[in-house]
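Undergrad: Structure: entry_31.cif, mmCIF, C-alpha atoms.
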data_entry
loop_
_atom_site.group_PDB
_atom_site.id
_atom_site.type_symbol
_atom_site.label_atom_id
_atom_site.label_comp_id
_atom_site.auth_asym_id
_atom_site.auth_seq_id
_atom_site.Cartn_x
_atom_site.Cartn_y
_atom_site.Cartn_z
ATOM 1 C CA MET A 1 93.315 79.621 40.472
ATOM 2 C CA LYS A 2 93.659 83.370 40.588
ATOM 3 C CA ARG A 3 94.623 84.885 37.272
ATOM 4 C CA ILE A 4 97.547 87.262 36.925
ATOM 5 C CA LEU A 5 96.214 90.686 36.015
ATOM 6 C CA THR A 6 98.000 93.895 35.183
ATOM 7 C CA SER A 7 97.630 96.339 38.064
ATOM 8 C CA VAL A 8 99.047 99.692 39.038
ATOM 9 C CA VAL A 9 98.984 100.813 42.663
ATOM 10 C CA LEU A 10 100.271 104.288 43.406
ATOM 11 C CA ALA A 11 100.977 104.588 47.118
ATOM 12 C CA SER A 12 102.513 108.022 46.961
ATOM 13 C CA ILE A 13 103.088 110.191 50.003
ATOM 14 C CA LEU A 14 103.575 113.585 48.426
ATOM 15 C CA VAL A 15 106.018 115.879 50.123
ATOM 16 C CA SER A 16 104.636 118.690 52.220
ATOM 17 C CA SER A 17 105.205 122.166 50.790
ATOM 18 C CA SER A 18 106.473 123.278 54.187
ATOM 19 C CA LEU A 19 109.594 121.163 53.630
ATOM 20 C CA ALA A 20 110.489 122.936 50.396
ATOM 21 C CA ALA A 21 111.957 126.381 49.888
ATOM 22 C CA ASP A 22 108.722 127.875 48.557
ATOM 23 C CA ALA A 23 105.434 126.961 46.864
ATOM 24 C CA LYS A 24 106.882 126.933 43.340
ATOM 25 C CA THR A 25 109.736 124.673 44.357
ATOM 26 C CA ALA A 26 107.334 122.301 46.108
ATOM 27 C CA GLN A 27 105.112 122.214 43.021
ATOM 28 C CA VAL A 28 108.041 121.362 40.734
ATOM 29 C CA SER A 29 109.045 118.493 43.027
ATOM 30 C CA LYS A 30 105.487 117.194 43.232
ATOM 31 C CA LYS A 31 104.964 117.260 39.469
ATOM 32 C CA ALA A 32 108.294 115.516 38.884
ATOM 33 C CA VAL A 33 107.264 112.583 41.081
ATOM 34 C CA ILE A 34 103.821 112.316 39.467
ATOM 35 C CA LYS A 35 105.392 112.361 35.997
ATOM 36 C CA ALA A 36 107.862 109.627 36.982
ATOM 37 C CA GLU A 37 105.031 107.506 38.379
ATOM 38 C CA LYS A 38 103.052 107.829 35.154
ATOM 39 C CA LYS A 39 106.113 106.899 33.129
ATOM 40 C CA ALA A 40 106.597 103.812 35.298
ATOM 41 C CA GLN A 41 102.992 102.811 34.611
ATOM 42 C CA ASN A 42 103.866 102.495 30.935
ATOM 43 C CA THR A 43 106.032 99.435 31.567
ATOM 44 C CA GLU A 44 105.306 97.294 28.516
ATOM 45 C CA LEU A 45 104.059 93.768 29.136
ATOM 46 C CA ALA A 46 104.735 90.800 26.832
ATOM 47 C CA ASN A 47 101.147 90.132 25.769
ATOM 48 C CA GLU A 48 101.963 86.693 24.355
ATOM 49 C CA ALA A 49 103.536 85.672 27.648
ATOM 50 C CA VAL A 50 100.515 87.002 29.578
ATOM 51 C CA LYS A 51 98.219 84.900 27.372
ATOM 52 C CA ALA A 52 100.470 81.845 27.795
ATOM 53 C CA ILE A 53 100.099 82.069 31.570
ATOM 54 C CA GLN A 54 96.345 82.487 31.289
ATOM 55 C CA TYR A 55 96.155 79.422 29.042
ATOM 56 C CA THR A 56 98.338 77.517 31.522
ATOM 57 C CA GLN A 57 95.948 78.371 34.331
ATOM 58 C CA ASP A 58 92.999 77.323 32.155
ATOM 59 C CA THR A 59 94.722 74.022 31.409
ATOM 60 C CA LEU A 60 95.028 73.274 35.114
ATOM 61 C CA ILE A 61 91.324 73.953 35.570
ATOM 62 C CA TYR A 62 90.415 71.668 32.656
ATOM 63 C CA ILE A 63 92.659 68.884 33.926
ATOM 64 C CA SER A 64 91.042 69.117 37.352
ATOM 65 C CA GLY A 65 87.644 68.904 35.654
ATOM 66 C CA LYS A 66 88.828 65.888 33.637
ATOM 67 C CA ASN A 67 88.180 67.740 30.375
ATOM 68 C CA THR A 68 91.144 66.376 28.423
ATOM 69 C CA LYS A 69 90.143 67.877 25.064
ATOM 70 C CA LYS A 70 89.940 71.431 26.390
ATOM 71 C CA ALA A 71 93.129 70.910 28.400
ATOM 72 C CA LYS A 72 94.990 69.928 25.221
ATOM 73 C CA ASP A 73 93.544 72.844 23.257
ATOM 74 C CA SER A 74 94.451 75.313 25.993
ATOM 75 C CA ILE A 75 98.038 74.153 26.488
ATOM 76 C CA LYS A 76 98.613 74.115 22.722
ATOM 77 C CA LYS A 77 97.502 77.752 22.633
ATOM 78 C CA ALA A 78 100.002 78.539 25.404
ATOM 79 C CA ILE A 79 102.788 76.822 23.477
ATOM 80 C CA GLY A 80 101.798 78.706 20.311
ATOM 81 C CA GLU A 81 101.974 82.085 22.038
ATOM 82 C CA LEU A 82 105.506 81.419 23.278
ATOM 83 C CA SER A 83 106.629 79.948 19.956
ATOM 84 C CA ASP A 84 105.966 83.323 18.346
ATOM 85 C CA LEU A 85 108.198 84.989 20.939
ATOM 86 C CA LEU A 86 110.961 82.416 20.598
ATOM 87 C CA ASN A 87 111.126 83.019 16.862
ATOM 88 C CA ARG A 88 111.720 86.728 17.315
ATOM 89 C CA PRO A 89 115.255 88.132 17.450
ATOM 90 C CA ASN A 90 116.536 89.585 20.724
ATOM 91 C CA THR A 91 113.713 88.205 22.861
ATOM 92 C CA PRO A 92 114.722 88.923 26.496
ATOM 93 C CA TYR A 93 115.245 86.076 28.953
ATOM 94 C CA LEU A 94 112.594 87.487 31.299
ATOM 95 C CA LEU A 95 109.245 88.560 29.839
ATOM 96 C CA PRO A 96 107.155 90.938 31.986
ATOM 97 C CA VAL A 97 103.609 89.663 32.542
ATOM 98 C CA ASP A 98 102.460 91.738 35.505
ATOM 99 C CA VAL A 99 103.518 95.063 36.997
ATOM 100 C CA GLN A 100 102.743 97.030 40.140
ATOM 101 C CA ILE A 101 103.964 100.547 40.890
ATOM 102 C CA ASN A 102 104.473 101.853 44.420
ATOM 103 C CA ALA A 103 105.950 105.174 45.466
ATOM 104 C CA TYR A 104 107.368 105.817 48.932
ATOM 105 C CA GLN A 105 108.414 109.329 49.796
ATOM 106 C CA TYR A 106 110.452 110.308 52.836
ATOM 107 C CA GLN A 107 109.253 113.458 54.550
ATOM 108 C CA GLY A 108 112.217 115.056 56.223
ATOM 109 C CA ASP A 109 115.713 116.351 55.627
ATOM 110 C CA VAL A 110 119.291 115.151 56.022
ATOM 111 C CA LYS A 111 119.351 115.946 59.747
ATOM 112 C CA ASP A 112 116.223 113.855 60.291
ATOM 113 C CA VAL A 113 117.795 110.905 58.460
ATOM 114 C CA LYS A 114 120.965 111.095 60.566
ATOM 115 C CA LYS A 115 118.909 111.028 63.768
ATOM 116 C CA LEU A 116 116.955 107.994 62.605
ATOM 117 C CA VAL A 117 120.109 106.159 61.482
ATOM 118 C CA ASN A 118 121.563 106.652 64.958
ATOM 119 C CA GLU A 119 118.290 105.406 66.426
ATOM 120 C CA VAL A 120 118.524 102.267 64.279
ATOM 121 C CA LYS A 121 122.076 101.611 65.451
ATOM 122 C CA ILE A 122 120.947 101.802 69.074
ATOM 123 C CA LEU A 123 117.986 99.482 68.445
ATOM 124 C CA VAL A 124 120.224 96.947 66.703
ATOM 125 C CA ALA A 125 122.751 97.099 69.524
ATOM 126 C CA GLU A 126 119.913 96.364 71.944
ATOM 127 C CA ASN A 127 118.736 93.511 69.662
ATOM 128 C CA LYS A 128 115.405 95.267 69.054
ATOM 129 C CA LEU A 129 115.342 94.171 65.427
ATOM 130 C CA PRO A 130 111.581 94.522 64.735
ATOM 131 C CA GLN A 131 111.688 98.153 65.872
ATOM 132 C CA ALA A 132 114.870 98.744 63.857
ATOM 133 C CA ARG A 133 113.179 97.349 60.733
ATOM 134 C CA GLU A 134 110.266 99.728 61.190
ATOM 135 C CA VAL A 135 112.602 102.719 61.287
ATOM 136 C CA LEU A 136 114.635 101.465 58.310
ATOM 137 C CA ASN A 137 111.479 100.988 56.252
ATOM 138 C CA SER A 138 110.717 104.677 56.714
ATOM 139 C CA LEU A 139 114.141 105.648 55.334
ATOM 140 C CA ARG A 140 113.230 105.322 51.697
ATOM 141 C CA SER A 141 112.253 107.766 48.996
ATOM 142 C CA GLU A 142 111.749 105.770 45.843
ATOM 143 C CA ILE A 143 109.474 104.525 43.118
ATOM 144 C CA VAL A 144 109.408 100.733 43.031
ATOM 145 C CA ILE A 145 108.385 98.957 39.832
ATOM 146 C CA LYS A 146 107.541 95.407 40.892
ATOM 147 C CA THR A 147 107.450 93.128 37.849
ATOM 148 C CA ILE A 148 106.502 89.452 37.502
ATOM 149 C CA ASN A 149 108.406 87.832 34.635
ATOM 150 C CA LEU A 150 108.090 84.616 32.654
ATOM 151 C CA PRO A 151 111.468 82.885 32.062
ATOM 152 C CA ILE A 152 111.402 82.128 28.342
ATOM 153 C CA ALA A 153 114.329 79.668 28.553
ATOM 154 C CA THR A 154 112.476 77.146 30.749
ATOM 155 C CA TYR A 155 108.726 77.789 30.583
ATOM 156 C CA PRO A 156 108.061 76.469 27.020
ATOM 157 C CA ALA A 157 109.847 73.196 27.800
ATOM 158 C CA ALA A 158 107.596 72.684 30.821
ATOM 159 C CA LEU A 159 104.502 73.235 28.670
ATOM 160 C CA ASN A 160 105.660 70.669 26.129
ATOM 161 C CA LEU A 161 106.339 68.140 28.878
ATOM 162 C CA ALA A 162 102.901 68.749 30.375
ATOM 163 C CA LEU A 163 101.293 68.216 26.949
ATOM 164 C CA LYS A 164 103.159 64.918 26.653
ATOM 165 C CA TYR A 165 101.752 63.803 30.006
ATOM 166 C CA ILE A 166 98.228 64.851 29.005
ATOM 167 C CA ASN A 167 98.497 62.837 25.804
ATOM 168 C CA GLU A 168 99.624 59.855 27.871
ATOM 169 C CA GLY A 169 96.714 60.232 30.264
ATOM 170 C CA LYS A 170 98.978 61.204 33.171
ATOM 171 C CA ALA A 171 96.857 63.998 34.634
ATOM 172 C CA LYS A 172 98.672 64.242 37.982
ATOM 173 C CA GLU A 173 102.090 64.513 36.344
ATOM 174 C CA ALA A 174 100.799 67.186 33.948
ATOM 175 C CA LYS A 175 99.335 69.199 36.830
ATOM 176 C CA ASP A 176 102.575 68.943 38.800
ATOM 177 C CA VAL A 177 104.641 70.180 35.852
ATOM 178 C CA LEU A 178 102.300 73.109 35.152
ATOM 179 C CA SER A 179 102.146 74.114 38.813
ATOM 180 C CA MET A 180 105.935 74.025 38.959
ATOM 181 C CA ALA A 181 106.179 76.101 35.772
ATOM 182 C CA LEU A 182 103.952 78.792 37.276
ATOM 183 C CA SER A 183 106.109 78.782 40.415
ATOM 184 C CA THR A 184 109.196 79.650 38.326
ATOM 185 C CA LEU A 185 107.887 83.130 37.475
ATOM 186 C CA VAL A 186 110.568 85.623 38.512
ATOM 187 C CA GLU A 187 109.841 88.776 40.544
ATOM 188 C CA THR A 188 112.048 91.818 40.051
ATOM 189 C CA ASP A 189 112.003 95.187 41.796
ATOM 190 C CA THR A 190 113.329 98.226 39.958
ATOM 191 C CA VAL A 191 114.070 101.052 42.409
ATOM 192 C CA ILE A 192 114.175 104.663 41.191
ATOM 193 C CA PRO A 193 115.403 107.256 43.760
ATOM 194 C CA ILE A 194 112.850 110.060 44.080
ATOM 195 C CA PRO A 195 115.296 112.748 45.334
ATOM 196 C CA LEU A 196 117.268 112.436 42.087
ATOM 197 C CA ILE A 197 114.062 112.770 40.062
ATOM 198 C CA LYS A 198 113.290 115.952 41.968
ATOM 199 C CA ALA A 199 116.825 117.322 41.650
ATOM 200 C CA GLN A 200 116.750 116.838 37.889
ATOM 201 C CA ALA A 201 113.393 118.602 37.551
ATOM 202 C CA LEU A 202 114.497 121.461 39.808
ATOM 203 C CA VAL A 203 117.682 122.090 37.806
ATOM 204 C CA LYS A 204 115.680 121.965 34.565
ATOM 205 C CA ASN A 205 113.209 124.526 35.896
ATOM 206 C CA ALA A 206 116.093 126.694 37.091
ATOM 207 C CA SER A 207 117.542 126.683 33.566
ATOM 208 C CA GLU A 208 114.186 127.743 32.135
ATOM 209 C CA SER A 209 113.560 130.543 34.639
ATOM 210 C CA VAL A 210 117.062 131.974 35.122
ATOM 211 C CA LYS A 211 116.677 134.703 32.489
ATOM 212 C CA LYS A 212 113.394 136.061 33.829
ATOM 213 C CA ASP A 213 113.695 135.316 37.550
ATOM 214 C CA LYS A 214 117.195 134.715 38.922
ATOM 215 C CA ASN A 215 116.022 134.525 42.522
ATOM 216 C CA GLN A 216 113.574 131.751 41.703
ATOM 217 C CA ALA A 217 116.238 129.913 39.736
ATOM 218 C CA LEU A 218 118.524 130.079 42.760
ATOM 219 C CA LYS A 219 115.759 128.676 44.970
ATOM 220 C CA TYR A 220 115.349 125.749 42.572
ATOM 221 C CA LEU A 221 119.096 125.070 42.637
ATOM 222 C CA ASP A 222 119.284 125.284 46.421
ATOM 223 C CA GLU A 223 116.496 122.726 46.741
ATOM 224 C CA ALA A 224 118.179 120.542 44.102
ATOM 225 C CA LYS A 225 121.325 120.413 46.269
ATOM 226 C CA LYS A 226 119.226 119.416 49.272
ATOM 227 C CA GLN A 227 117.600 116.612 47.293
ATOM 228 C CA ILE A 228 120.985 115.361 46.113
ATOM 229 C CA SER A 229 122.231 115.342 49.714
ATOM 230 C CA LEU A 230 119.078 113.471 50.758
ATOM 231 C CA ALA A 231 119.598 110.845 48.056
ATOM 232 C CA GLU A 232 123.162 110.390 49.237
ATOM 233 C CA ILE A 233 122.377 109.926 52.921
ATOM 234 C CA LEU A 234 119.489 107.567 52.109
ATOM 235 C CA GLY A 235 122.082 105.332 50.492
ATOM 236 C CA TYR A 236 121.190 105.488 46.801
ATOM 237 C CA THR A 237 124.394 104.702 44.928
ATOM 238 C CA SER A 238 125.311 105.237 41.289
ATOM 239 C CA THR A 239 127.886 103.581 39.042
ATOM 240 C CA SER A 240 128.382 106.868 37.186
ATOM 241 C CA ASP A 241 131.816 108.490 37.113
ATOM 242 C CA THR A 242 130.128 111.565 38.543
ATOM 243 C CA THR A 243 129.815 111.651 42.343
ATOM 244 C CA TYR A 244 127.391 113.335 44.739
ATOM 245 C CA LYS A 245 130.157 115.714 45.740
ATOM 246 C CA MET A 246 130.784 116.696 42.122
ATOM 247 C CA LEU A 247 127.097 117.359 41.476
ATOM 248 C CA LYS A 248 126.779 119.597 44.518
ATOM 249 C CA GLU A 249 129.978 121.447 43.616
ATOM 250 C CA GLN A 250 128.720 122.041 40.074
ATOM 251 C CA ILE A 251 125.441 123.428 41.363
ATOM 252 C CA THR A 252 127.286 125.707 43.800
ATOM 253 C CA GLN A 253 129.466 126.985 40.943
ATOM 254 C CA LEU A 254 126.364 127.515 38.826
ATOM 255 C CA GLU A 255 124.789 129.569 41.600
ATOM 256 C CA LYS A 256 127.872 131.805 41.647
ATOM 257 C CA GLU A 257 127.717 132.295 37.871
ATOM 258 C CA ILE A 258 124.046 133.282 38.083
ATOM 259 C CA LYS A 259 124.746 135.819 40.840
ATOM 260 C CA ASN A 260 127.595 137.253 38.768
ATOM 261 C CA GLY A 261 125.336 137.640 35.740
ATOM 262 C CA SER A 262 127.374 135.214 33.616
ATOM 263 C CA LYS A 263 125.972 133.146 30.751
ATOM 264 C CA THR A 264 124.818 129.794 32.090
ATOM 265 C CA GLU A 265 123.165 127.983 29.184
ATOM 266 C CA ASN A 266 126.049 125.586 28.523
ATOM 267 C CA ILE A 267 126.677 125.047 32.229
ATOM 268 C CA PHE A 268 123.049 124.066 32.746
ATOM 269 C CA LYS A 269 123.183 121.734 29.753
ATOM 270 C CA LYS A 270 126.262 119.903 31.053
ATOM 271 C CA LEU A 271 124.851 119.698 34.570
ATOM 272 C CA LEU A 272 121.565 118.229 33.363
ATOM 273 C CA GLN A 273 123.462 115.627 31.346
ATOM 274 C CA LYS A 274 125.489 114.682 34.406
ATOM 275 C CA ILE A 275 122.385 114.373 36.592
ATOM 276 C CA GLU A 276 120.603 112.262 33.975
ATOM 277 C CA GLU A 277 123.563 109.886 33.697
ATOM 278 C CA PHE A 278 123.937 109.740 37.463
ATOM 279 C CA LYS A 279 120.221 109.061 37.997
ATOM 280 C CA GLU A 280 120.001 106.329 35.342
ATOM 281 C CA LYS A 281 122.989 104.530 36.859
ATOM 282 C CA ALA A 282 121.495 104.862 40.337
ATOM 283 C CA ILE A 283 118.400 102.908 39.280
ATOM 284 C CA LYS A 284 118.757 99.369 40.598
ATOM 285 C CA THR A 285 116.946 96.131 39.713
ATOM 286 C CA PHE A 286 116.734 93.370 42.302
ATOM 287 C CA HIS A 287 115.713 89.775 41.553
ATOM 288 C CA LYS A 288 113.701 87.938 44.181
#
Go ahead and render the structure in this file as structure tokens.

TA:
Amino acid sequence: MKRILTSVVLASILVSSSLAADAKTAQVSKKAVIKAEKKAQNTELANEAVKAIQYTQDTLIYISGKNTKKAKDSIKKAIGELSDLLNRPNTPYLLPVDVQINAYQYQGDVKDVKKLVNEVKILVAENKLPQAREVLNSLRSEIVIKTINLPIATYPAALNLALKYINEGKAKEAKDVLSMALSTLVETDTVIPIPLIKAQALVKNASESVKKDKNQALKYLDEAKKQISLAEILGYTSTSDTTYKMLKEQITQLEKEIKNGSKTENIFKKLLQKIEEFKEKAIKTFHK
């Protein structure tokens, strides 16, 4: 049986600099995505749960080889690993044992998205669903953290039942229980909208450069508004009290203050807080 191994796959399509306002703006956006990908790679696994699954897989191999002693030793190790977790306070229901990171980046602007959405509607109306799916799959700009999780509420009980069957010499029953336990691993996808990551980084860079280069700061803010509009039309929703409209209005007001030579430190601070809250509440986790 194939073992579960920790893996990170970065399938990034980095945005072309020709789509951004200038080279500096493009570089800020690119670095923001790379930084977010690296952060996603640091998803912490539950090492005890990883070992428990490995021991479970070993047990199945030993049972198939009719090595009862090693099967018992292996499953007891699996039970021991999870016992440590169960005795800890605030142990989550789902324990991450494997993670894969993929980044998909849409190359285009709001007008391009609108054209493709209309194309999808036509394809659906004509019942050309495979073609419509292909277009829809391109309308995404996100980092996806795909996690395999062990359900702590049910997995230990299955191990104990399998051990009981092994002790009773019921190899088939033990194998069936262990195979079923492995099939209960839960897959979750956490989706992080890339345009909001970029917008946040662009506003931050604008706040840092506004005193020495107002024109560059304005370019960052203009691109930030475009990224926010892109996130909106791509359908990334947030449960924050702040709306897309409010964010764009605040950036527009900030641009006016910069042009008027007003102090903007506090305005930038509040805007960055709003974007952070909005982004965090736009991150969605889906169970499969």

Undergrad: Between A:Val117, A:Leu234, A:Leu271, A:Ala36, single out the one closest to Met246 in chain A, counting all atoms listed in the file.

TA: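 Selected residue with least distance to Met246 in chain A: A:Leu271.
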
Undergrad: Can you tell me how far CA of Lys69 in chain A sits from CA of Asn47 in chain A, in Å to one decimal?

TA: 24.8 Å

Undergrad: Select, from A:Lys77, A:Lys31, A:Lys214, A:Lys111, the residue with the minimum atom-to-atom distance to Ala49 in chain A, counting all atoms listed in the file.

TA: A:Lys77

Undergrad: Between CA of Ser229 in chain A and CA of Lys211 in chain A, what is the distance, to one decimal in Å?

TA: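 Atom-to-atom, CA of Ser229 in chain A to CA of Lys211 in chain A, that is 26.5 Å.
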
Undergrad: Expand the PyMOL selection byres ((chain A and resi 190) around 7) into the individual residues it matches in the shown file, reporting them as a PyMOL selection string.

TA: chain A and resi 144-146+188-189+191-192+283-286

Undergrad: Counting all atoms listed in the file, write as a VMD selection string all protein and nucleic acid residues lying at most 12 Å from (90.1, 66.0, 31.4) in the file's frame.

TA: chain A and resid 58 to 74 165 to 172 174 to 175

Undergrad: Go through A:Gln57, A:Asn149, A:Thr154, A:Asn137 and flag the residue nearest Val97 in chain A, using only C-alpha atoms for the distances.

TA: A:Asn149

Undergrad: Return as a list of chain:residue names the set of residues that the PyMOL selection byres ((chain A and resi 251) around 9) yields on the displayed structure.

TA: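 Answer for the PyMOL selection byres ((chain A and resi 251) around 9): A:Val203, A:Leu221, A:Asp222, A:Ala224, A:Lys225, A:Met246, A:Leu247, A:Lys248, A:Glu249, A:Gln250, A:Thr252, A:Gln253, A:Leu254, A:Glu255, A:Lys256, A:Phe268, A:Leu271.
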
Undergrad: Do you know which residues the PyMOL selection byres ((chain A and resi 86) around 12) returns on this file, as a list in words?

TA: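 On the file shown, the PyMOL selection byres ((chain A and resi 86) around 12) covers Glu48, Ala49, Ile79, Gly80, Glu81, Leu82, Ser83, Asp84, Leu85, Asn87, Arg88, Pro89, Asn90, Thr91, Pro92, Tyr93, Leu94, Leu95, Pro151, Ile152, Ala153, Thr154, Tyr155, Pro156 and Ala157 of chain A.
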
Undergrad: Which of these, A:Ile267, A:Ala23, A:Ile194, A:Ala132, has the shortest distance to Tyr236 in chain A once you count all atoms listed in the file?

TA: A:Ile194

Undergrad: Select, from A:Ala32, A:Ile233, A:Lys76, A:Ala26, the residue with the minimum atom-to-atom distance to Lys115 in chain A, counting all atoms listed in the file.

TA: A:Ile233

Undergrad: Between CA of Lys121 in chain A and CA of Tyr244 in chain A, what is the distance, to one decimal in Å?

TA: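 Separation between CA of Lys121 in chain A and CA of Tyr244 in chain A: 24.4 Å.
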
Undergrad: Within 10 Å of (107.8, 128.7, 43.1) (coordinates as in the file), grab all the protein and nucleic acid residues, counting only C-alpha atoms, and write them out as a ChimeraX atom specification.

TA: /A:20-28,205,216-217,219-220

Undergrad: Can you work out which one of A:Gly235, A:Gln200, A:Leu182, A:Glu187 has the shortest atom-to-atom distance to Tyr55 in chain A, counting all atoms listed in the file?

TA: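 Of A:Gly235, A:Gln200, A:Leu182, A:Glu187, the one nearest Tyr55 in chain A, counting all atoms listed in the file, is A:Leu182.
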
Undergrad: Mind checking which residues fall within 12 Å of Leu136 in chain A, counting only C-alpha atoms, ignoring those fewer than 2 positions away in the same chain, and posting them as a ChimeraX atom specification?

TA: /A:106,113-121,123-124,129-134,138-141,234-235

Undergrad: Around range 241-259 of chain A, with edges along x, y and z and 3 Å added on all six sides, what centre and edge lengths do you get, in Å to one decimal, as AutoDock Vina command-line options?

TA:
--center_x 127.9 --center_y 122.2 --center_z 41.4 --size_x 13.8 --size_y 33.3 --size_z 14.6

Undergrad: Name all residues at most 12 Å from Asp98 in chain A (count only C-alpha atoms; drop same-chain ones fewer than 2 positions away) and give them as an MDAnalysis selection string.

TA: chainID A and resid 3:8 41:47 49:51 53:54 94:96 100:101 145:150 185:189

Undergrad: As a PDB file, keeping the file's coordinate frame, could you write out range 187-200 of chain A once it has been completed with N, CA, C and O atoms?

TA:
ATOM      1  N   GLU A 187     110.224  87.427  40.108  1.00  0.00           N
ATOM      2  CA  GLU A 187     109.841  88.776  40.544  1.00  0.00           C
ATOM      3  C   GLU A 187     111.072  89.671  40.595  1.00  0.00           C
ATOM      4  O   GLU A 187     112.098  89.301  41.164  1.00  0.00           O
ATOM      5  N   THR A 188     110.962  90.839  39.993  1.00  0.00           N
ATOM      6  CA  THR A 188     112.048  91.818  40.051  1.00  0.00           C
ATOM      7  C   THR A 188     111.510  93.151  40.553  1.00  0.00           C
ATOM      8  O   THR A 188     110.376  93.526  40.255  1.00  0.00           O
ATOM      9  N   ASP A 189     112.333  93.838  41.315  1.00  0.00           N
ATOM     10  CA  ASP A 189     112.003  95.187  41.796  1.00  0.00           C
ATOM     11  C   ASP A 189     112.990  96.175  41.190  1.00  0.00           C
ATOM     12  O   ASP A 189     114.210  96.032  41.384  1.00  0.00           O
ATOM     13  N   THR A 190     112.486  97.150  40.475  1.00  0.00           N
ATOM     14  CA  THR A 190     113.329  98.226  39.958  1.00  0.00           C
ATOM     15  C   THR A 190     113.104  99.459  40.828  1.00  0.00           C
ATOM     16  O   THR A 190     111.971  99.933  40.954  1.00  0.00           O
ATOM     17  N   VAL A 191     114.171  99.954  41.435  1.00  0.00           N
ATOM     18  CA  VAL A 191     114.070 101.052  42.409  1.00  0.00           C
ATOM     19  C   VAL A 191     114.631 102.339  41.803  1.00  0.00           C
ATOM     20  O   VAL A 191     115.793 102.391  41.392  1.00  0.00           O
ATOM     21  N   ILE A 192     113.788 103.365  41.749  1.00  0.00           N
ATOM     22  CA  ILE A 192     114.175 104.663  41.191  1.00  0.00           C
ATOM     23  C   ILE A 192     114.182 105.698  42.321  1.00  0.00           C
ATOM     24  O   ILE A 192     113.137 105.980  42.915  1.00  0.00           O
ATOM     25  N   PRO A 193     115.326 106.281  42.659  1.00  0.00           N
ATOM     26  CA  PRO A 193     115.403 107.256  43.760  1.00  0.00           C
ATOM     27  C   PRO A 193     114.630 108.545  43.448  1.00  0.00           C
ATOM     28  O   PRO A 193     114.921 109.232  42.472  1.00  0.00           O
ATOM     29  N   ILE A 194     113.672 108.863  44.278  1.00  0.00           N
ATOM     30  CA  ILE A 194     112.850 110.060  44.080  1.00  0.00           C
ATOM     31  C   ILE A 194     113.643 111.358  44.240  1.00  0.00           C
ATOM     32  O   ILE A 194     113.443 112.303  43.462  1.00  0.00           O
ATOM     33  N   PRO A 195     114.560 111.482  45.208  1.00  0.00           N
ATOM     34  CA  PRO A 195     115.296 112.748  45.334  1.00  0.00           C
ATOM     35  C   PRO A 195     116.052 113.128  44.063  1.00  0.00           C
ATOM     36  O   PRO A 195     116.164 114.321  43.740  1.00  0.00           O
ATOM     37  N   LEU A 196     116.551 112.136  43.324  1.00  0.00           N
ATOM     38  CA  LEU A 196     117.268 112.436  42.087  1.00  0.00           C
ATOM     39  C   LEU A 196     116.307 112.873  40.984  1.00  0.00           C
ATOM     40  O   LEU A 196     116.655 113.701  40.143  1.00  0.00           O
ATOM     41  N   ILE A 197     115.098 112.329  41.003  1.00  0.00           N
ATOM     42  CA  ILE A 197     114.062 112.770  40.062  1.00  0.00           C
ATOM     43  C   ILE A 197     113.742 114.237  40.319  1.00  0.00           C
ATOM     44  O   ILE A 197     113.625 115.042  39.395  1.00  0.00           O
ATOM     45  N   LYS A 198     113.600 114.566  41.595  1.00  0.00           N
ATOM     46  CA  LYS A 198     113.290 115.952  41.968  1.00  0.00           C
ATOM     47  C   LYS A 198     114.439 116.887  41.603  1.00  0.00           C
ATOM     48  O   LYS A 198     114.212 117.977  41.053  1.00  0.00           O
ATOM     49  N   ALA A 199     115.663 116.476  41.929  1.00  0.00           N
ATOM     50  CA  ALA A 199     116.825 117.322  41.650  1.00  0.00           C
ATOM     51  C   ALA A 199     116.917 117.637  40.165  1.00  0.00           C
ATOM     52  O   ALA A 199     117.178 118.779  39.773  1.00  0.00           O
ATOM     53  N   GLN A 200     116.691 116.636  39.340  1.00  0.00           N
ATOM     54  CA  GLN A 200     116.750 116.838  37.889  1.00  0.00           C
ATOM     55  C   GLN A 200     115.698 117.839  37.434  1.00  0.00           C
ATOM     56  O   GLN A 200     115.988 118.747  36.643  1.00  0.00           O
TER      57      GLN A 200
END
